[in-house]
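Structure below is upload_4.cif: mmCIF, C-alpha atoms (C1' of nucleotides) and all ligand atoms.
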```
data_data
#
loop_
_atom_site.label_atom_id
_atom_site.label_comp_id
_atom_site.auth_asym_id
_atom_site.auth_seq_id
_atom_site.Cartn_x
_atom_site.Cartn_y
_atom_site.Cartn_z
CA MET O 121 95.51 60.41 113.94
CA LYS O 122 93.73 63.56 114.91
CA ASP O 123 91.13 65.45 112.97
CA THR O 124 93.29 68.54 112.92
CA ASP O 125 96.17 66.55 111.49
CA ASP O 126 94.02 65.62 108.51
CA LYS O 127 93.15 69.24 107.95
CA LEU O 128 96.81 70.25 108.07
CA ILE O 129 97.96 67.43 105.84
CA SER O 130 95.21 68.04 103.30
CA ARG O 131 96.47 71.62 103.05
CA ASN O 132 100.04 70.44 102.61
CA MET O 133 101.40 71.30 106.03
CA LYS O 134 103.18 69.07 108.47
CA PRO O 135 101.11 68.56 111.61
CA THR O 136 103.47 69.88 114.25
CA ALA O 137 102.45 70.32 117.88
CA MET O 138 102.34 74.10 117.56
CA ARG O 139 100.17 73.97 114.46
CA GLU O 140 97.71 71.61 116.10
CA LEU O 141 97.39 73.90 119.09
CA VAL O 142 96.77 76.96 116.95
CA LEU O 143 94.34 75.15 114.68
CA ASP O 144 92.43 73.87 117.71
CA ALA O 145 92.23 77.38 119.05
CA LEU O 146 90.84 78.60 115.75
CA LEU O 147 88.35 75.76 115.53
CA GLU O 148 86.87 76.40 118.95
CA GLN O 149 86.26 80.08 118.16
CA ASN O 150 83.36 81.48 116.22
CA VAL O 151 85.11 84.80 115.87
CA ALA O 152 88.34 85.84 114.23
CA VAL O 153 91.50 85.95 116.34
CA SER O 154 94.56 88.14 116.26
CA LEU O 155 98.18 87.28 116.82
CA SER O 156 98.06 88.91 120.22
CA ASP O 157 94.95 86.93 121.11
CA LEU O 158 96.98 83.79 120.50
CA GLU O 159 99.89 85.17 122.49
CA LYS O 160 97.58 85.60 125.46
CA LYS O 161 96.05 82.17 125.04
CA PHE O 162 99.39 80.39 124.76
CA ASP O 163 101.52 82.42 127.06
CA ARG O 164 104.38 79.96 126.87
CA ALA O 165 104.58 80.09 123.09
CA ASP O 166 106.82 82.47 121.23
CA LYS O 167 105.21 85.32 119.36
CA VAL O 168 107.24 84.72 116.23
CA THR O 169 106.34 81.07 116.08
CA LEU O 170 102.67 81.93 116.33
CA TYR O 171 103.16 84.60 113.72
CA ARG O 172 104.79 82.19 111.32
CA THR O 173 102.20 79.55 112.03
CA LEU O 174 99.48 81.97 110.99
CA LYS O 175 101.42 82.96 107.89
CA THR O 176 101.85 79.33 106.93
CA PHE O 177 98.16 78.66 107.49
CA GLU O 178 97.27 81.63 105.35
CA GLU O 179 99.63 80.71 102.52
CA ASN O 180 98.07 77.29 102.42
CA LYS O 181 94.55 78.70 102.51
CA LEU O 182 93.56 77.12 105.78
CA ILE O 183 92.74 80.56 107.14
CA HIS O 184 92.16 84.01 105.72
CA SER O 185 93.16 87.32 107.21
CA ILE O 186 90.82 90.17 107.99
CA ASP O 187 91.70 93.81 108.25
CA ASP O 188 88.93 95.11 110.45
CA GLY O 189 90.44 98.52 110.96
CA THR O 190 91.44 97.96 114.58
CA GLY O 191 95.12 97.93 113.75
CA SER O 192 95.62 94.26 114.42
CA VAL O 193 94.95 91.72 111.72
CA LYS O 194 92.49 88.99 112.56
CA TYR O 195 92.43 85.45 111.21
CA ALA O 196 89.62 82.98 110.72
CA LEU O 197 89.27 79.52 109.26
CA CYS O 198 88.41 79.23 105.63
CA ALA O 199 85.51 77.10 104.52
CA GLU O 200 86.34 73.51 103.72
CA ASN O 201 87.11 73.92 100.05
CA CYS O 202 87.92 77.60 100.03
CA GLN O 203 90.53 78.74 97.56
CA CYS O 204 90.29 82.36 98.64
CA ASN O 205 89.00 83.39 95.24
CA PRO O 206 86.92 86.52 94.78
CA HIS O 207 83.68 84.53 94.98
CA ASP O 208 84.79 83.16 98.35
CA LEU O 209 84.78 86.68 99.76
CA HIS O 210 82.28 87.63 102.42
CA VAL O 211 81.49 90.59 104.59
CA HIS O 212 83.11 90.93 108.01
CA PHE O 213 81.53 92.51 111.02
CA PHE O 214 83.29 94.26 113.87
CA CYS O 215 81.33 94.80 117.06
CA THR O 216 82.33 98.07 118.65
CA LYS O 217 81.10 96.90 122.06
CA CYS O 218 82.69 93.50 122.53
CA LYS O 219 85.43 94.15 119.96
CA ARG O 220 84.80 90.81 118.30
CA THR O 221 85.22 90.33 114.59
CA TYR O 222 82.85 87.97 112.82
CA CYS O 223 82.96 86.28 109.45
CA LEU O 224 79.56 86.72 107.89
CA ASN O 225 80.02 83.66 105.72
CA ASP O 226 76.50 83.85 104.37
CA THR O 227 76.78 87.50 103.43
CA PRO O 228 78.55 87.84 100.10
CA ILE O 229 79.98 91.24 99.26
CA PRO O 230 77.48 93.21 97.15
CA SER O 231 78.67 94.24 93.72
CA VAL O 232 79.64 97.81 93.08
CA THR O 233 79.92 99.82 89.88
CA LEU O 234 83.17 101.62 89.47
CA PRO O 235 84.17 104.63 87.39
CA LEU O 236 85.24 103.97 83.81
CA ASN O 237 88.44 101.95 83.41
CA PHE O 238 88.75 101.05 87.05
CA GLU O 239 89.23 97.31 87.33
CA ILE O 240 88.33 95.42 90.44
CA LYS O 241 90.53 92.68 91.81
CA THR O 242 89.30 92.24 95.35
CA ILE O 243 87.19 93.96 97.99
CA ASN O 244 87.42 94.44 101.71
CA MET O 245 84.11 95.24 103.36
CA VAL O 246 83.87 95.65 107.10
CA VAL O 247 80.61 96.57 108.75
CA LYS O 248 80.85 98.07 112.20
CA GLY O 249 78.15 98.19 114.81
CA THR O 250 76.81 96.01 117.60
CA CYS O 251 76.51 92.25 117.34
CA ALA O 252 73.63 90.02 118.43
CA ASN O 253 75.37 89.20 121.72
CA CYS O 254 75.69 92.86 122.60
CA LYS O 255 72.21 93.90 121.57
CA GLU O 256 71.00 96.43 124.20
CA MET R 56 92.29 136.74 102.70
CA LYS R 57 93.01 133.43 101.07
CA ASP R 58 90.52 130.87 99.91
CA THR R 59 92.00 128.26 102.22
CA ASP R 60 91.62 130.62 105.17
CA ASP R 61 87.89 130.77 104.54
CA LYS R 62 87.70 127.00 104.50
CA LEU R 63 89.58 126.75 107.77
CA ILE R 64 87.59 129.46 109.47
CA SER R 65 84.27 128.06 108.31
CA ARG R 66 85.26 124.79 109.96
CA ASN R 67 86.22 126.59 113.16
CA MET R 68 89.97 126.39 112.86
CA LYS R 69 92.48 129.16 113.02
CA PRO R 70 94.26 129.62 109.70
CA THR R 71 97.85 129.06 110.73
CA ALA R 72 100.68 128.83 108.23
CA MET R 73 101.05 125.12 108.73
CA ARG R 74 97.37 124.46 108.22
CA GLU R 75 97.30 126.48 105.03
CA LEU R 76 100.20 124.51 103.64
CA VAL R 77 98.62 121.18 104.46
CA LEU R 78 95.23 122.21 103.16
CA ASP R 79 96.81 123.44 99.92
CA ALA R 80 98.55 120.11 99.55
CA LEU R 81 95.26 118.29 100.00
CA LEU R 82 93.45 120.57 97.57
CA GLU R 83 95.93 120.03 94.77
CA GLN R 84 95.64 116.25 95.05
CA ASN R 85 92.90 114.12 93.58
CA VAL R 86 93.97 111.18 95.67
CA ALA R 87 94.17 110.59 99.39
CA VAL R 88 97.42 111.34 101.20
CA SER R 89 99.11 109.78 104.19
CA LEU R 90 101.04 111.40 107.00
CA SER R 91 104.28 110.16 105.51
CA ASP R 92 103.32 111.59 102.11
CA LEU R 93 103.10 114.95 103.82
CA GLU R 94 106.39 114.42 105.63
CA LYS R 95 108.06 113.87 102.26
CA LYS R 96 106.39 116.88 100.71
CA PHE R 97 107.28 119.23 103.56
CA ASP R 98 110.61 117.91 104.63
CA ARG R 99 111.22 120.84 106.93
CA ALA R 100 108.02 120.33 108.87
CA ASP R 101 107.80 118.23 111.98
CA LYS R 102 105.99 114.92 111.79
CA VAL R 103 103.99 115.54 114.95
CA THR R 104 102.79 118.91 113.78
CA LEU R 105 101.59 117.40 110.53
CA TYR R 106 100.01 114.59 112.50
CA ARG R 107 98.16 117.00 114.75
CA THR R 108 97.14 119.15 111.83
CA LEU R 109 95.49 116.15 110.19
CA LYS R 110 93.80 115.21 113.46
CA THR R 111 92.46 118.72 113.85
CA PHE R 112 91.22 118.73 110.26
CA GLU R 113 89.50 115.42 110.84
CA GLU R 114 87.88 116.46 114.11
CA ASN R 115 86.47 119.49 112.37
CA LYS R 116 85.27 117.43 109.41
CA LEU R 117 87.40 119.15 106.83
CA ILE R 118 88.89 115.80 105.90
CA HIS R 119 88.03 112.15 106.48
CA SER R 120 90.41 109.28 107.08
CA ILE R 121 90.60 106.15 104.99
CA ASP R 122 91.90 102.79 106.08
CA ASP R 123 92.82 101.25 102.76
CA GLY R 124 94.57 98.25 104.25
CA THR R 125 98.07 99.41 103.38
CA GLY R 126 98.96 100.04 107.00
CA SER R 127 99.10 103.79 106.69
CA VAL R 128 95.98 105.84 107.08
CA LYS R 129 95.11 108.13 104.18
CA TYR R 130 93.25 111.42 104.34
CA ALA R 131 91.11 113.23 101.81
CA LEU R 132 89.03 116.37 101.75
CA CYS R 133 85.40 116.08 102.65
CA ALA R 134 82.75 117.47 100.35
CA GLU R 135 81.75 121.06 101.01
CA ASN R 136 78.94 120.38 103.45
CA CYS R 137 79.95 116.95 104.60
CA GLN R 138 79.15 116.07 108.18
CA CYS R 139 80.67 112.62 107.94
CA ASN R 140 77.30 111.00 108.52
CA PRO R 141 76.56 107.49 107.26
CA HIS R 142 74.96 108.86 104.11
CA ASP R 143 78.15 110.76 103.35
CA LEU R 144 80.02 107.47 103.11
CA HIS R 145 81.43 106.38 99.80
CA VAL R 146 83.56 103.58 98.43
CA HIS R 147 87.33 103.94 98.32
CA PHE R 148 89.59 102.44 95.70
CA PHE R 149 93.19 101.39 96.14
CA CYS R 150 95.21 100.85 92.99
CA THR R 151 97.67 98.04 93.50
CA LYS R 152 99.89 99.33 90.70
CA CYS R 153 100.39 103.01 91.49
CA LYS R 154 99.43 102.59 95.17
CA ARG R 155 97.10 105.53 94.98
CA THR R 156 93.94 105.67 97.03
CA TYR R 157 90.89 107.32 95.49
CA CYS R 158 87.66 108.62 96.95
CA LEU R 159 84.87 107.35 94.76
CA ASN R 160 82.62 110.18 95.80
CA ASP R 161 79.91 109.17 93.36
CA THR R 162 79.87 105.57 94.49
CA PRO R 163 77.80 105.19 97.64
CA ILE R 164 78.32 102.06 99.68
CA PRO R 165 75.74 99.41 98.69
CA SER R 166 73.45 98.24 101.46
CA VAL R 167 73.97 94.86 103.00
CA THR R 168 71.65 92.59 104.96
CA LEU R 169 73.08 91.40 108.22
CA PRO R 170 72.26 88.39 110.40
CA LEU R 171 69.47 88.82 112.94
CA ASN R 172 70.15 91.35 115.70
CA PHE R 173 73.31 92.71 114.17
CA GLU R 174 73.05 96.48 114.03
CA ILE R 175 75.04 98.52 111.57
CA LYS R 176 76.68 101.77 112.56
CA THR R 177 79.16 102.38 109.77
CA ILE R 178 80.86 100.61 106.90
CA ASN R 179 84.34 100.61 105.44
CA MET R 180 84.49 99.40 101.86
CA VAL R 181 87.74 99.39 99.96
CA VAL R 182 87.94 98.06 96.43
CA LYS R 183 91.37 97.03 95.21
CA GLY R 184 92.48 96.71 91.64
CA THR R 185 93.92 98.90 88.92
CA CYS R 186 92.87 102.47 88.36
CA ALA R 187 92.13 104.23 85.07
CA ASN R 188 95.62 105.73 84.95
CA CYS R 189 97.24 102.34 85.26
CA LYS R 190 95.00 100.57 82.78
CA GLU R 191 97.43 98.42 80.72
"C1'" DA I 100 125.08 57.74 111.40
"C1'" DT I 101 125.34 61.59 108.50
"C1'" DA I 102 123.60 65.04 105.79
"C1'" DA I 103 119.83 68.11 104.31
"C1'" DC I 104 115.84 70.38 105.22
"C1'" DT I 105 112.12 72.32 108.27
"C1'" DT I 106 110.46 74.32 112.41
"C1'" DT I 107 111.12 76.82 116.59
"C1'" DG I 108 113.03 80.39 119.90
"C1'" DC I 109 115.35 84.53 120.98
"C1'" DA I 110 116.99 89.11 120.01
"C1'" DA I 111 116.69 92.87 117.67
"C1'" DC I 112 114.61 95.94 114.46
"C1'" DT I 113 111.13 98.68 111.46
"C1'" DC I 114 107.37 101.60 110.84
"C1'" DG I 115 103.19 104.07 111.76
"C1'" DG I 116 101.17 106.24 115.20
"C1'" DT I 117 101.06 108.65 119.71
"C1'" DT I 118 102.21 111.23 124.22
"C1'" DG I 119 104.64 114.54 127.35
"C1'" DC I 120 106.57 118.56 127.89
"C1'" DA I 121 108.79 122.83 126.98
"C1'" DT I 122 108.89 126.78 123.84
"C1'" DA I 123 106.76 130.00 120.75
"C1'" DA I 124 103.02 132.40 118.87
"C1'" DA I 125 98.47 134.33 119.11
"C1'" DC I 126 94.75 136.22 121.26
"C1'" DT I 127 92.54 138.74 125.96
"C1'" DT I 128 92.31 141.37 129.66
"C1'" DT I 129 93.73 145.11 132.38
"C1'" DA W 273 101.51 148.50 126.07
"C1'" DA W 274 102.22 144.90 129.58
"C1'" DA W 275 100.75 140.92 131.69
"C1'" DG W 276 98.13 136.92 131.60
"C1'" DT W 277 95.85 133.15 129.13
"C1'" DT W 278 95.09 130.12 125.55
"C1'" DT W 279 96.60 127.68 121.38
"C1'" DA W 280 100.02 125.84 118.17
"C1'" DT W 281 104.50 124.01 117.25
"C1'" DG W 282 108.92 121.32 117.88
"C1'" DC W 283 111.66 117.82 119.87
"C1'" DA W 284 112.37 113.56 122.29
"C1'" DA W 285 110.84 109.59 123.60
"C1'" DC W 286 107.63 105.91 123.62
"C1'" DC W 287 104.27 102.18 121.95
"C1'" DG W 288 102.39 98.16 119.64
"C1'" DA W 289 102.03 95.36 115.61
"C1'" DG W 290 104.52 93.24 112.50
"C1'" DT W 291 108.89 91.47 110.67
"C1'" DT W 292 113.86 89.68 109.93
"C1'" DG W 293 118.28 87.22 110.99
"C1'" DC W 294 120.32 83.65 112.90
"C1'" DA W 295 121.32 79.78 115.63
"C1'" DA W 296 119.43 75.65 118.00
"C1'" DA W 297 116.27 71.81 117.88
"C1'" DG W 298 113.64 68.61 115.47
"C1'" DT W 299 112.54 65.81 111.15
"C1'" DT W 300 113.30 63.32 107.03
"C1'" DA W 301 116.15 61.32 103.53
"C1'" DT W 302 120.53 58.86 102.11
MN MN O 401 86.00 85.72 107.02
MN MN O 402 86.77 109.45 100.66
ZN ZN O 403 79.49 92.39 120.36
ZN ZN O 404 96.87 103.24 89.57
#
```
Please render this file's structure as structure tokens.
Ligand SMILES: [Mn+2]
Ligand SMILES: [Mn+2]
Ligand SMILES: [Zn+2]
Ligand SMILES: [Zn+2]
Amino acid sequence: MKDTDDKLISRNMKPTAMRELVLDALLEQNVAVSLSDLEKKFDRADKVTLYRTLKTFEENKLIHSIDDGTGSVKYALCAENCQCNPHDLHVHFFCTKCKRTYCLNDTPIPSVTLPLNFEIKTINMVVKGTCANCKE
Amino acid sequence: MKDTDDKLISRNMKPTAMRELVLDALLEQNVAVSLSDLEKKFDRADKVTLYRTLKTFEENKLIHSIDDGTGSVKYALCAENCQCNPHDLHVHFFCTKCKRTYCLNDTPIPSVTLPLNFEIKTINMVVKGTCANCKE
DNA sequence: ATAACTTTGCAACTCGGTTGCATAAACTTT
DNA sequence: AAAGTTTATGCAACCGAGTTGCAAAGTTAT
């Protein structure tokens, strides 16, 4: 029984072939991936199946989605025991050179004081610039 | 000579009828508006013209665009002497009840420490929750 | 083996944004 | 004022990301 199977089962998903492939792809990346990235990687797989795989992963908190402002949503693995609560939130970084989107897992989102009677539920914070790989 | 004309001229745009209408619409709002908001408001106007009007406004730094994660870009007036530099950046707030997007002009984006060799160029920070109007 | 449920594949569609191109309007030059 | 040049507008058509419906294939339970 594969390692990925355990991960899927522990998050209450059946370990189908497609799901293993996608999870493997996510595991071997250190950056977030989009649906179209996956389409390119698995050119035999159907877009909708990949789409629904990602949705299923997200619903079951195996991955979280990132809106980095590029127009295509990115996905990245959640930490082992992540429940996608506010305190699990972290900053994301989009490199304008290599177009890669990083989870800055060790960079929690700084707190912000809002105007009176505004109540915060969640925050999306995306820093843009150049990543370490692209430095000069 | 209208007030809006001055604004347009001072930002190097010719004060056409269309531009005056759109600028008026932006001035009378205290929340950010999307292209489709404008389409609804001016149902006789062409979508592309509105689109290009917003683009022109943005290029000339009369307005700035906001990606609030809803899938449709919002626009709001810049402050009088705004040059859209990093220090002009502020937090935006999206109310999940009324779906309105606010400029929190008095809430600068808090600074964030990045991993080694990551260089920041700009930041997008969108807080989601309920606004003062929607408070219980 | 049959029935019930889940996953996958294909087609088709929505929606926001964008481009090309022709017309109309506004300035410039003679 | 007429002709030429630039700029703005309107319409059609397109694009990519995301999404839905539905039928076929695969799985699990009875
Ligand atoms: Mn992340
Ligand atoms: Mn703003
Ligand atoms: Zn990079
Ligand atoms: Zn509200």
Name the residues in contact with region 65-67 of chain R at a cut-off of 10 Å, using all atoms listed in the file, excluding same-chain residues fewer than 4 positions from it; report them as JSON, numbers by chain.
{"R": [59, 60, 61, 112, 114, 115, 116, 117]}
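Residues within 10 Å of Val86 (chain R), counting all atoms listed in the file and excluding same-chain residues fewer than 6 positions away, are Lys129, Tyr130, Ala131, Leu132, Phe148, Phe149, Arg155, Thr156, Tyr157, Cys158 and Leu159 of chain R.
In terms of minimum interatomic distance to chain R, I:DA125 ranks closest within I:DA125, I:DA100, I:DT113, I:DC120, counting all atoms listed in the file.
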I'd like to know which of O:Lys160, O:Lys219, O:Lys248, O:His212 is closest to ligand MN 401 (chain O), using all atoms listed in the file.
O:His212
Using all atoms listed in the file, I'd like a table of the residues in chain R that come within 6 Å of chain O; for each, show the closest atom pair and its distance in Å rounded to one decimal, ordered by chain and ascending number, as CSV.
```
residue,atom,partner,partner_atom,distance
R:Asn172,CA,O:Ala252,CA,4.6
R:Phe173,CA,O:Cys251,CA,4.5
R:Glu174,CA,O:Thr250,CA,5.2
R:Ile175,CA,O:Gly249,CA,4.5
R:Lys176,CA,O:Gly249,CA,4.5
R:Thr177,CA,O:Lys248,CA,5.2
R:Ile178,CA,O:Val247,CA,4.5
R:Asn179,CA,O:Val246,CA,5.3
R:Met180,CA,O:Met245,CA,4.4
R:Val181,CA,O:Asn244,CA,5.3
R:Val182,CA,O:Ile243,CA,4.5
R:Lys183,CA,O:Thr242,CA,5.2
R:Gly184,CA,O:Lys241,CA,4.5
R:Thr185,CA,O:Glu239,CA,5.2
R:Cys186,CA,O:Phe238,CA,4.6
R:Ala187,CA,O:Asn237,CA,4.6
```
Could you please give me, as a PDB file with C-alpha atoms (C1' of nucleotides), keeping the file's coordinate frame, the residues of protein, DNA or RNA lying at most 12 Å from (110.7, 127.6, 125.0) in the coordinate frame of the file, considering all atoms listed in the file?
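Output file part39.pdb is given in full below:
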```
ATOM      1  C1'  DC I 120     106.570 118.560 127.890  1.00  0.00           C
ATOM      2  C1'  DA I 121     108.790 122.830 126.980  1.00  0.00           C
ATOM      3  C1'  DT I 122     108.890 126.780 123.840  1.00  0.00           C
ATOM      4  C1'  DA I 123     106.760 130.000 120.750  1.00  0.00           C
ATOM      5  C1'  DA I 124     103.020 132.400 118.870  1.00  0.00           C
TER       6       DA I 124
ATOM      7  C1'  DT W 281     104.500 124.010 117.250  1.00  0.00           C
ATOM      8  C1'  DG W 282     108.920 121.320 117.880  1.00  0.00           C
ATOM      9  C1'  DC W 283     111.660 117.820 119.870  1.00  0.00           C
TER      10       DC W 283
END
```
Using all atoms listed in the file, determine which residues lie at most 12 Å from DC286 (chain W), disregarding the query and same-chain residues fewer than 4 positions distant; provide the list as a PyMOL selection string.
chain I and resi 116-119
Please give the centre and size of the box around region 281-300 of chain W (axis-aligned, containing every atom listed in the file, 3 Å added per side), with values in Å to one decimal and written as JSON.
```
{"center_x": 111.7, "center_y": 93.7, "center_z": 115.3, "size_x": 25.3, "size_y": 66.7, "size_z": 22.6}
```
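Across the model, the gap from CA of Lys127 (chain O) to C1' of DA296 (chain W) is 28.9 Å.
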Show me, as a PyMOL selection string, the residues of chain O whose atoms get within 12 Å of chain I, using only C-alpha atoms (C1' of nucleotides) for the distance check.
chain O and resi 133-139+164-173+176+191
Those selected residues, please, written with C-alpha atoms and delivered as a compact mmCIF listing (two decimals), keeping the file's coordinate frame.
```txt
# COMPACT_ATOMS: atom_id res chain seq x y z
CA MET O 133 101.40 71.30 106.03
CA LYS O 134 103.18 69.07 108.47
CA PRO O 135 101.11 68.56 111.61
CA THR O 136 103.47 69.88 114.25
CA ALA O 137 102.45 70.32 117.88
CA MET O 138 102.34 74.10 117.56
CA ARG O 139 100.17 73.97 114.46
CA ARG O 164 104.38 79.96 126.87
CA ALA O 165 104.58 80.09 123.09
CA ASP O 166 106.82 82.47 121.23
CA LYS O 167 105.21 85.32 119.36
CA VAL O 168 107.24 84.72 116.23
CA THR O 169 106.34 81.07 116.08
CA LEU O 170 102.67 81.93 116.33
CA TYR O 171 103.16 84.60 113.72
CA ARG O 172 104.79 82.19 111.32
CA THR O 173 102.20 79.55 112.03
CA THR O 176 101.85 79.33 106.93
CA GLY O 191 95.12 97.93 113.75
```
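Taking CA of Asp58 (chain R) as the reference point, CA of Ile118 (chain R) is found at 16.3 Å.
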Just give me the gap between atom MN of ligand MN 401 (chain O) and CA of Asn150 (chain O) in Å, one decimal is fine.
10.5 Å
Near chain O, which residues of chain W fall within 10 Å when you count all atoms listed in the file, and what do they look like as a PyMOL selection string?
chain W and resi 288-291
